[in-house]
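Student: The file below is run_7.txt, compact mmCIF, C-alpha atoms:
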```
# COMPACT_ATOMS: atom_id res chain seq x y z
CA MET V 1400 12.74 131.69 -64.72
CA VAL V 1401 13.28 134.64 -62.43
CA ARG V 1402 14.75 137.74 -64.03
CA VAL V 1403 17.29 139.53 -61.97
CA PRO V 1404 16.82 143.27 -62.26
CA ARG V 1405 19.80 145.07 -63.77
CA PRO V 1406 21.48 147.52 -61.45
CA LEU V 1407 20.79 151.16 -62.16
CA THR V 1408 23.85 152.94 -63.54
CA LEU V 1409 24.42 156.58 -64.34
CA GLU V 1410 24.71 157.34 -68.06
CA PRO V 1411 28.18 158.43 -69.06
CA ALA V 1412 28.54 162.17 -69.50
CA ALA V 1413 29.84 161.87 -73.09
CA ALA V 1414 26.78 159.90 -74.23
CA ALA V 1415 24.48 162.43 -72.57
CA ARG V 1416 26.20 165.31 -74.32
CA ARG V 1417 25.97 163.46 -77.63
CA ARG V 1418 22.23 162.95 -77.25
CA THR V 1419 21.79 166.59 -76.29
CA ARG V 1420 23.65 167.73 -79.42
CA THR V 1421 21.56 165.37 -81.56
CA ARG V 1422 18.28 166.70 -80.16
CA ARG V 1423 19.48 170.28 -80.61
CA ALA V 1424 20.51 169.59 -84.22
CA ARG V 1425 17.11 168.05 -84.95
CA ARG V 1426 15.31 171.05 -83.48
CA GLU V 1427 17.48 173.45 -85.50
CA ALA V 1428 16.88 171.45 -88.69
CA ALA V 1429 13.13 171.43 -88.05
CA ALA V 1430 13.17 175.20 -87.45
CA ALA V 1431 15.24 175.78 -90.62
CA TRP V 1432 12.86 173.73 -92.77
CA THR V 1433 9.90 175.54 -91.22
CA PHE V 1434 11.32 178.92 -92.27
CA THR V 1435 12.50 177.78 -95.72
CA ALA V 1436 9.43 175.71 -96.60
CA PRO V 1437 7.47 178.62 -98.18
CA ALA V 1438 10.41 179.62 -100.38
CA THR V 1439 11.03 175.97 -101.29
CA LEU V 1440 7.41 175.54 -102.33
CA VAL V 1441 7.57 178.71 -104.42
CA ILE V 1442 10.75 177.53 -106.17
CA LEU V 1443 9.22 174.12 -106.85
CA GLY V 1444 5.86 175.55 -107.94
CA LEU V 1445 7.18 178.41 -110.10
CA GLY V 1446 10.53 177.02 -111.21
CA ILE V 1447 11.16 173.30 -111.36
CA VAL V 1448 7.63 172.03 -111.99
CA PRO V 1449 6.94 174.43 -114.93
CA VAL V 1450 10.29 173.51 -116.50
CA VAL V 1451 9.49 169.79 -116.43
CA TRP V 1452 5.88 170.36 -117.50
CA SER V 1453 6.87 172.57 -120.45
CA LEU V 1454 9.46 170.01 -121.55
CA LEU V 1455 6.76 167.34 -121.70
CA LEU V 1456 4.45 169.83 -123.39
CA SER V 1457 6.98 170.38 -126.18
CA PHE V 1458 6.42 166.76 -127.28
CA ARG V 1459 2.64 167.15 -127.46
CA ALA V 1460 0.07 168.83 -129.67
CA ASP V 1461 -1.77 170.80 -127.00
CA ASP V 1462 -3.80 174.01 -126.89
CA LEU V 1463 -4.11 174.06 -123.05
CA VAL V 1464 -7.90 173.76 -123.39
CA THR V 1465 -8.81 170.48 -125.06
CA PRO V 1466 -7.05 167.16 -124.41
CA GLY V 1467 -3.74 166.98 -126.25
CA ARG V 1468 -1.91 164.12 -127.87
CA TRP V 1469 1.69 162.91 -127.94
CA VAL V 1470 3.52 163.81 -131.17
CA GLY V 1471 7.14 163.17 -130.19
CA VAL V 1472 9.65 165.35 -131.98
CA ASP V 1473 7.19 166.55 -134.64
CA ASN V 1474 7.10 170.02 -133.08
CA TYR V 1475 10.87 170.35 -133.41
CA ARG V 1476 10.76 169.10 -137.00
CA ALA V 1477 8.11 171.68 -137.80
CA LEU V 1478 10.28 174.42 -136.27
CA ALA V 1479 13.15 173.46 -138.57
CA GLU V 1480 10.88 174.05 -141.58
CA ASP V 1481 8.96 177.09 -140.29
CA PRO V 1482 10.01 180.31 -142.10
CA ASN V 1483 8.42 182.43 -139.36
CA PHE V 1484 10.64 180.78 -136.76
CA HIS V 1485 13.66 181.31 -139.00
CA THR V 1486 12.76 184.99 -139.21
CA ALA V 1487 12.45 185.19 -135.42
CA VAL V 1488 15.86 183.54 -134.97
CA ARG V 1489 17.45 185.90 -137.49
CA ASN V 1490 15.91 188.97 -135.85
CA THR V 1491 17.07 187.81 -132.44
CA LEU V 1492 20.62 187.23 -133.63
CA VAL V 1493 20.73 190.63 -135.35
CA TYR V 1494 19.41 192.28 -132.20
CA ALA V 1495 21.92 190.48 -129.97
CA GLY V 1496 24.78 191.06 -132.43
CA LEU V 1497 24.20 194.82 -132.25
CA TYR V 1498 23.07 195.25 -128.66
CA VAL V 1499 25.76 193.22 -126.88
CA PRO V 1500 28.94 194.79 -128.32
CA LEU V 1501 27.48 198.31 -128.41
CA SER V 1502 26.36 198.12 -124.77
CA LEU V 1503 29.77 196.84 -123.66
CA ALA V 1504 31.67 199.43 -125.69
CA GLY V 1505 29.39 202.27 -124.57
CA GLY V 1506 29.56 201.13 -120.97
CA LEU V 1507 33.36 201.00 -121.07
CA VAL V 1508 33.68 204.48 -122.59
CA LEU V 1509 31.30 206.02 -120.06
CA ALA V 1510 32.88 204.12 -117.16
CA LEU V 1511 36.32 205.44 -118.09
CA ALA V 1512 34.91 208.96 -118.41
CA LEU V 1513 33.15 208.75 -115.04
CA ASN V 1514 36.08 207.15 -113.21
CA ARG V 1515 37.47 210.54 -112.28
CA ARG V 1516 37.36 212.95 -109.40
CA ILE V 1517 35.50 215.85 -110.90
CA ARG V 1518 32.76 218.13 -109.67
CA LEU V 1519 29.24 216.62 -109.54
CA ILE V 1520 30.57 213.18 -110.53
CA GLY V 1521 27.94 211.51 -108.31
CA LEU V 1522 25.18 213.29 -110.21
CA TYR V 1523 26.58 212.21 -113.57
CA ARG V 1524 26.79 208.59 -112.46
CA THR V 1525 23.22 208.70 -111.19
CA LEU V 1526 21.92 210.17 -114.45
CA VAL V 1527 23.62 207.38 -116.42
CA PHE V 1528 22.13 204.67 -114.20
CA ILE V 1529 18.57 206.03 -113.97
CA PRO V 1530 17.41 204.63 -117.36
CA PHE V 1531 18.36 201.11 -116.22
CA VAL V 1532 15.81 201.16 -113.39
CA VAL V 1533 13.02 202.25 -115.74
CA SER V 1534 10.95 199.23 -116.75
CA ALA V 1535 10.99 198.11 -120.37
CA THR V 1536 7.23 198.69 -120.52
CA ALA V 1537 7.64 202.33 -119.52
CA GLN V 1538 10.47 202.71 -122.02
CA GLY V 1539 8.30 201.27 -124.76
CA VAL V 1540 5.41 203.61 -124.02
CA LEU V 1541 7.73 206.63 -123.83
CA PHE V 1542 9.52 205.96 -127.11
CA SER V 1543 6.29 204.98 -128.85
CA PHE V 1544 5.10 208.55 -128.29
CA ILE V 1545 8.45 210.07 -129.23
CA LEU V 1546 8.79 207.99 -132.41
CA ASP V 1547 5.19 208.20 -133.54
CA PRO V 1548 5.31 208.86 -137.32
CA GLN V 1549 2.52 211.45 -137.25
CA PHE V 1550 2.57 213.17 -133.87
CA GLY V 1551 5.94 212.21 -132.38
CA ALA V 1552 8.59 214.65 -131.27
CA ALA V 1553 11.26 212.92 -133.36
CA ASN V 1554 9.70 213.81 -136.71
CA SER V 1555 8.98 217.33 -135.47
CA LEU V 1556 12.67 217.72 -134.68
CA LEU V 1557 13.70 216.30 -138.04
CA HIS V 1558 11.33 218.74 -139.74
CA GLN V 1559 13.27 221.63 -138.18
CA PHE V 1560 16.38 220.40 -140.02
CA GLY V 1561 14.55 219.91 -143.29
CA ILE V 1562 14.54 216.11 -143.14
CA SER V 1563 11.50 214.26 -144.45
CA PRO V 1564 9.32 212.37 -141.92
CA GLN V 1565 10.45 208.86 -141.05
CA GLY V 1566 8.40 205.74 -140.37
CA PHE V 1567 10.51 204.77 -137.34
CA LEU V 1568 8.82 201.83 -135.58
CA GLY V 1569 6.34 201.54 -138.45
CA ASP V 1570 9.10 201.03 -141.02
CA PRO V 1571 10.29 197.42 -141.47
CA ASP V 1572 13.77 198.67 -142.35
CA GLN V 1573 14.13 200.79 -139.21
CA ALA V 1574 12.09 199.15 -136.45
CA LEU V 1575 14.58 196.52 -135.26
CA TYR V 1576 17.50 198.95 -135.18
CA LEU V 1577 15.44 201.47 -133.23
CA LEU V 1578 14.63 198.77 -130.68
CA VAL V 1579 18.37 198.23 -130.29
CA LEU V 1580 18.87 201.95 -129.65
CA ILE V 1581 16.03 202.01 -127.10
CA SER V 1582 17.56 199.04 -125.32
CA LEU V 1583 20.97 200.70 -125.30
CA TRP V 1584 19.46 203.75 -123.61
CA SER V 1585 18.88 201.63 -120.51
CA GLY V 1586 21.27 198.70 -120.93
CA VAL V 1587 24.42 200.80 -121.03
CA GLY V 1588 23.77 202.05 -117.49
CA PHE V 1589 24.13 198.57 -116.02
CA CYS V 1590 27.45 198.04 -117.81
CA VAL V 1591 28.68 201.40 -116.57
CA VAL V 1592 27.97 200.56 -112.92
CA VAL V 1593 29.63 197.13 -113.11
CA LEU V 1594 32.68 198.42 -114.99
CA LEU V 1595 33.03 201.39 -112.63
CA ALA V 1596 33.18 198.99 -109.69
CA ALA V 1597 35.80 196.93 -111.52
CA LEU V 1598 37.86 200.03 -112.34
CA GLN V 1599 38.08 200.79 -108.64
CA ASP V 1600 39.90 197.46 -108.18
CA VAL V 1601 42.60 198.14 -110.78
CA PRO V 1602 45.86 198.21 -108.74
CA PRO V 1603 47.08 201.82 -108.78
CA GLU V 1604 50.68 200.66 -108.38
CA LEU V 1605 50.46 198.89 -111.75
CA VAL V 1606 49.18 202.03 -113.43
CA GLU V 1607 51.88 204.12 -111.76
CA ALA V 1608 54.60 201.66 -112.75
CA ALA V 1609 53.42 201.67 -116.36
CA ARG V 1610 53.47 205.46 -116.44
CA LEU V 1611 56.97 205.56 -114.95
CA ASP V 1612 58.08 203.23 -117.74
CA GLY V 1613 56.83 205.76 -120.27
CA ALA V 1614 53.49 204.20 -121.20
CA GLY V 1615 50.83 206.57 -122.49
CA ARG V 1616 47.10 206.46 -121.74
CA TRP V 1617 46.37 204.08 -124.60
CA HIS V 1618 49.10 201.64 -123.54
CA VAL V 1619 47.96 201.76 -119.91
CA LEU V 1620 44.40 201.07 -121.02
CA ARG V 1621 45.41 198.23 -123.33
CA HIS V 1622 48.03 196.47 -121.21
CA VAL V 1623 46.91 197.23 -117.63
CA THR V 1624 43.26 198.25 -117.40
CA LEU V 1625 41.63 195.97 -119.96
CA PRO V 1626 43.35 192.76 -118.76
CA THR V 1627 42.20 193.56 -115.24
CA LEU V 1628 38.63 194.03 -116.49
CA ALA V 1629 38.64 190.74 -118.43
CA PRO V 1630 36.71 188.65 -115.82
CA VAL V 1631 34.06 191.35 -115.46
CA GLY V 1632 33.91 191.67 -119.23
CA VAL V 1633 33.16 187.95 -119.61
CA PHE V 1634 30.36 188.25 -117.06
CA LEU V 1635 28.86 191.27 -118.82
CA LEU V 1636 29.15 189.58 -122.20
CA LEU V 1637 27.19 186.57 -120.96
CA TRP V 1638 24.65 188.70 -119.08
CA GLN V 1639 23.94 191.04 -121.96
CA PHE V 1640 23.73 188.16 -124.44
CA ILE V 1641 21.16 186.40 -122.26
CA GLN V 1642 19.18 189.62 -121.92
CA ALA V 1643 19.26 190.10 -125.69
CA LEU V 1644 17.99 186.58 -126.39
CA GLN V 1645 15.16 187.05 -123.89
CA VAL V 1646 13.88 190.43 -125.09
CA PHE V 1647 10.10 190.46 -125.16
CA ASP V 1648 8.34 193.23 -123.24
CA LEU V 1649 9.87 196.05 -125.28
CA VAL V 1650 8.76 194.34 -128.52
CA TYR V 1651 5.29 193.66 -127.13
CA VAL V 1652 4.70 197.26 -126.07
CA THR V 1653 6.13 198.98 -129.15
CA THR V 1654 5.71 196.90 -132.32
CA LYS V 1655 4.06 193.56 -131.38
CA GLY V 1656 6.44 191.81 -133.74
CA GLY V 1657 5.69 194.03 -136.70
CA PRO V 1658 5.75 195.57 -139.12
CA LEU V 1659 5.72 192.53 -141.40
CA GLY V 1660 7.45 190.43 -138.76
CA SER V 1661 10.59 192.60 -138.82
CA THR V 1662 10.80 192.70 -135.00
CA THR V 1663 9.47 189.24 -134.16
CA VAL V 1664 12.05 187.72 -131.81
CA ILE V 1665 12.13 184.20 -130.37
CA VAL V 1666 10.40 184.95 -127.07
CA TYR V 1667 7.66 186.90 -128.81
CA PHE V 1668 7.28 183.99 -131.24
CA VAL V 1669 6.86 181.63 -128.26
CA TRP V 1670 4.22 183.90 -126.71
CA GLU V 1671 2.41 184.23 -130.02
CA GLN V 1672 2.25 180.47 -130.55
CA ALA V 1673 1.14 179.72 -126.99
CA PHE V 1674 -1.38 182.50 -126.32
CA ARG V 1675 -2.49 183.81 -129.71
CA THR V 1676 -2.70 180.76 -131.96
CA PHE V 1677 -3.08 178.35 -128.99
CA THR V 1678 -0.43 175.91 -130.17
CA ALA V 1679 1.20 175.63 -126.75
CA GLY V 1680 3.18 172.50 -127.56
CA TYR V 1681 4.73 174.17 -130.59
CA GLY V 1682 5.57 177.26 -128.54
CA ALA V 1683 7.14 175.11 -125.79
CA ALA V 1684 9.37 173.47 -128.40
CA ALA V 1685 10.53 176.90 -129.57
CA ALA V 1686 11.20 177.88 -125.96
CA TYR V 1687 13.43 174.85 -125.48
CA VAL V 1688 15.36 175.68 -128.62
CA LEU V 1689 16.05 179.05 -127.00
CA ALA V 1690 16.99 177.34 -123.71
CA VAL V 1691 19.53 175.14 -125.51
CA ALA V 1692 21.00 178.24 -127.15
CA LEU V 1693 21.33 179.95 -123.76
CA PHE V 1694 23.04 176.93 -122.22
CA ALA V 1695 25.39 176.69 -125.20
CA ALA V 1696 26.31 180.36 -124.91
CA GLY V 1697 26.94 180.02 -121.18
CA GLY V 1698 29.04 176.90 -121.67
CA ALA V 1699 31.10 178.53 -124.41
CA LEU V 1700 31.87 181.59 -122.30
CA ARG V 1701 32.75 179.44 -119.29
CA LEU V 1702 35.13 177.46 -121.49
CA VAL V 1703 36.74 180.68 -122.71
CA ARG V 1704 37.12 181.94 -119.16
CA TRP V 1705 38.57 178.60 -118.03
CA ARG V 1706 41.18 178.73 -120.79
CA GLN V 1707 42.03 182.30 -119.85
CA ALA V 1708 42.47 181.30 -116.22
CA ARG V 1709 44.76 178.42 -117.22
CA ALA V 1710 46.81 180.70 -119.44
CA GLU V 1711 47.14 183.28 -116.65
CA ALA V 1712 48.12 180.59 -114.16
CA GLY V 1713 50.72 179.24 -116.61
CA ALA V 1714 52.14 182.73 -117.18
CA ALA V 1715 52.33 183.32 -113.42
CA LYS V 1716 54.19 180.02 -112.88
CA ALA V 1717 56.59 180.84 -115.70
CA THR V 1718 57.28 184.26 -114.16
CA THR V 1719 57.88 182.68 -110.75
CA ARG V 1720 60.28 180.13 -112.19
CA THR V 1721 62.15 182.82 -114.12
CA GLY V 1722 62.49 184.91 -111.00
CA ALA V 1723 63.70 181.96 -108.98
CA THR V 1724 66.28 181.08 -111.67
CA GLY V 1725 67.51 184.64 -111.71
CA GLU V 1726 67.93 184.68 -107.93
CA GLU V 1727 69.89 181.44 -108.02
CA ALA V 1728 72.13 182.80 -110.74
CA ALA V 1729 72.71 185.96 -108.75
CA ARG V 1730 73.71 183.91 -105.73
```
Could I get this structure in the form of structure tokens?
Tutor:
Amino acid sequence: MVRVPRPLTLEPAAAARRRTRTRRARREAAAAWTFTAPATLVILGLGIVPVVWSLLLSFRADDLVTPGRWVGVDNYRALAEDPNFHTAVRNTLVYAGLYVPLSLAGGLVLALALNRRIRLIGLYRTLVFIPFVVSATAQGVLFSFILDPQFGAANSLLHQFGISPQGFLGDPDQALYLLVLISLWSGVGFCVVVLLAALQDVPPELVEAARLDGAGRWHVLRHVTLPTLAPVGVFLLLWQFIQALQVFDLVYVTTKGGPLGSTTVIVYFVWEQAFRTFTAGYGAAAAYVLAVALFAAGGALRLVRWRQARAEAGAAKATTRTGATGEEAAR
């Protein structure tokens, strides 16, 4: 059978353009993956893979040296009965319960004080923010010298006022509260910067209208400024709470969980189990208890914010309807 050659035809211009766009898109995708591949590998290697591996590790009895064995939920059962873990949870909650509200309140007070046009205001704002950029390790070393019971400057100053020497970080009744104060020294600066930025977005016409209606400073703060800062306040509340639950380096540098376990927090407990007693599976289980707490806190705050948004939207609709009804009645 003789095949008749097909006549040569010119490819339509639309099909040619389509193929050109396809080839260009493939080249751009290949170039994009080439540039993002190192970052993707880093995220997978340092983020996702360790999370999955530690989750599996939490169900094993493993010291990271000898072969481990599968124990199921025994690690979590042991945590529920471990008094040392209960102490770590209690210390963490006390720390967070003091640090979070005090940092937000202090940040708000300083932000309101620095939200003015006064001489050298830029210098004051910089001085407030500088402690935040100091690492927790440096803070721990600095305050360890200042609060040293024998040679520290704090006891020398107290001696000038006739006050007996204090144990400070060596006293089980004082150590945790002093860690909160050290953390506030740096943590308040972050809140100040965020709240200052939010204060710049408060509509000046609302403030002026409230003042024309006879509202004082307290009423303007309560009914105009604070409602405007509510979204930023929710963010700071969640951020500071997460930071409080994850505190570790300050404890490690200053007290190492002591004295008598009075400053042992959850993250330090995890580190101690994994790298001091070499019960890595047990430490991984404690870490996942902390992770669940963090997710629960984030979910609760998102729910609160969602309800606030719905309430604000409902109030706005009600105001719009009232205004429309009034206009119709006027007509």
Student: Please enclose the listed atoms of region 1505-1523 of chain V in an axis-aligned box, pad each side by 8 Å, and write out the centre and the three edge lengths in Å, rounded to one decimal, as AutoDock Vina command-line options.
Tutor:
```
--center_x 31.3 --center_y 209.6 --center_z -116.4 --size_x 28.3 --size_y 33.1 --size_z 32.3
```
Student: Could you please determine the separation between CA of Phe1567 (chain V) and CA of Ile1641 (chain V) in Å, to one decimal place?
Tutor: 26.0 Å
Student: Go through V:Pro1437, V:Gly1632, V:Gly1713, V:Pro1571 one by one, measure the shortest atom-to-atom distance of each to Pro1500 (chain V) using only C-alpha atoms, and give the residue with the smallest value.
Tutor: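 Counting only C-alpha atoms, the residue closest to Pro1500 (chain V) is V:Gly1632.
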Student: What's the 12 Å shell around Val1532 (chain V), counting all atoms listed in the file, without same-chain residues fewer than 6 positions away, as a ChimeraX atom specification?
Tutor: /V:1525-1526,1538,1584-1589
Student: I'd like the contact shell of region 1512-1524 of chain V - 10 Å cut-off, all atoms listed in the file, skipping same-chain residues fewer than 3 positions apart - returned as a PDB file with C-alpha atoms, keeping the file's coordinate frame.
Tutor:
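Writing done, so here's selection_32.pdb:
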```pdb
ATOM      1  CA  GLY V1506      29.560 201.130-120.970  1.00  0.00           C
ATOM      2  CA  LEU V1507      33.360 201.000-121.070  1.00  0.00           C
ATOM      3  CA  VAL V1508      33.680 204.480-122.590  1.00  0.00           C
ATOM      4  CA  LEU V1509      31.300 206.020-120.060  1.00  0.00           C
ATOM      5  CA  VAL V1527      23.620 207.380-116.420  1.00  0.00           C
ATOM      6  CA  PHE V1528      22.130 204.670-114.200  1.00  0.00           C
ATOM      7  CA  ILE V1529      18.570 206.030-113.970  1.00  0.00           C
ATOM      8  CA  GLY V1588      23.770 202.050-117.490  1.00  0.00           C
ATOM      9  CA  VAL V1591      28.680 201.400-116.570  1.00  0.00           C
ATOM     10  CA  VAL V1592      27.970 200.560-112.920  1.00  0.00           C
ATOM     11  CA  LEU V1594      32.680 198.420-114.990  1.00  0.00           C
ATOM     12  CA  LEU V1595      33.030 201.390-112.630  1.00  0.00           C
ATOM     13  CA  ALA V1596      33.180 198.990-109.690  1.00  0.00           C
ATOM     14  CA  LEU V1598      37.860 200.030-112.340  1.00  0.00           C
ATOM     15  CA  GLN V1599      38.080 200.790-108.640  1.00  0.00           C
TER      16      GLN V1599
END
```
Student: Using all atoms listed in the file, can you list as a list in words the residues within 10 Å of (9.7, 208.5, -134.1)?
Tutor: Phe1542, Ser1543, Phe1544, Ile1545, Leu1546, Asp1547, Pro1548, Gln1549, Phe1550, Gly1551, Ala1552, Ala1553, Asn1554, Ser1555, Leu1556, Leu1557, Pro1564, Gln1565, Gly1566, Phe1567, Leu1568, Gly1569, Ala1574 and Leu1577 of chain V
Student: Between V:Ala1597, V:Tyr1667, V:Arg1701, V:Gly1615, which one has atoms that come closest to Ala1510 (chain V), using only C-alpha atoms?
Tutor: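 Comparing V:Ala1597, V:Tyr1667, V:Arg1701, V:Gly1615 against Ala1510 (chain V), the winner is V:Ala1597.
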Student: Let me make sure I understand: among V:Ala1415, V:Leu1463, V:His1618, V:Val1623, which one has the smallest atom-to-atom distance to Arg1675 (chain V) if we use only C-alpha atoms?
Tutor: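 The closest residue to Arg1675 (chain V) is V:Leu1463.
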Student: Tell me, in Å to one decimal, how far CA of Val1450 (chain V) is from CA of Leu1649 (chain V).
Tutor: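 Atom-to-atom, CA of Val1450 (chain V) to CA of Leu1649 (chain V), that is 24.2 Å.
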Student: Find the distance between CA of Leu1454 (chain V) and CA of Val1688 (chain V) and write it in Å to one decimal.
Tutor: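 CA of Leu1454 (chain V) sits 10.8 Å away from CA of Val1688 (chain V).
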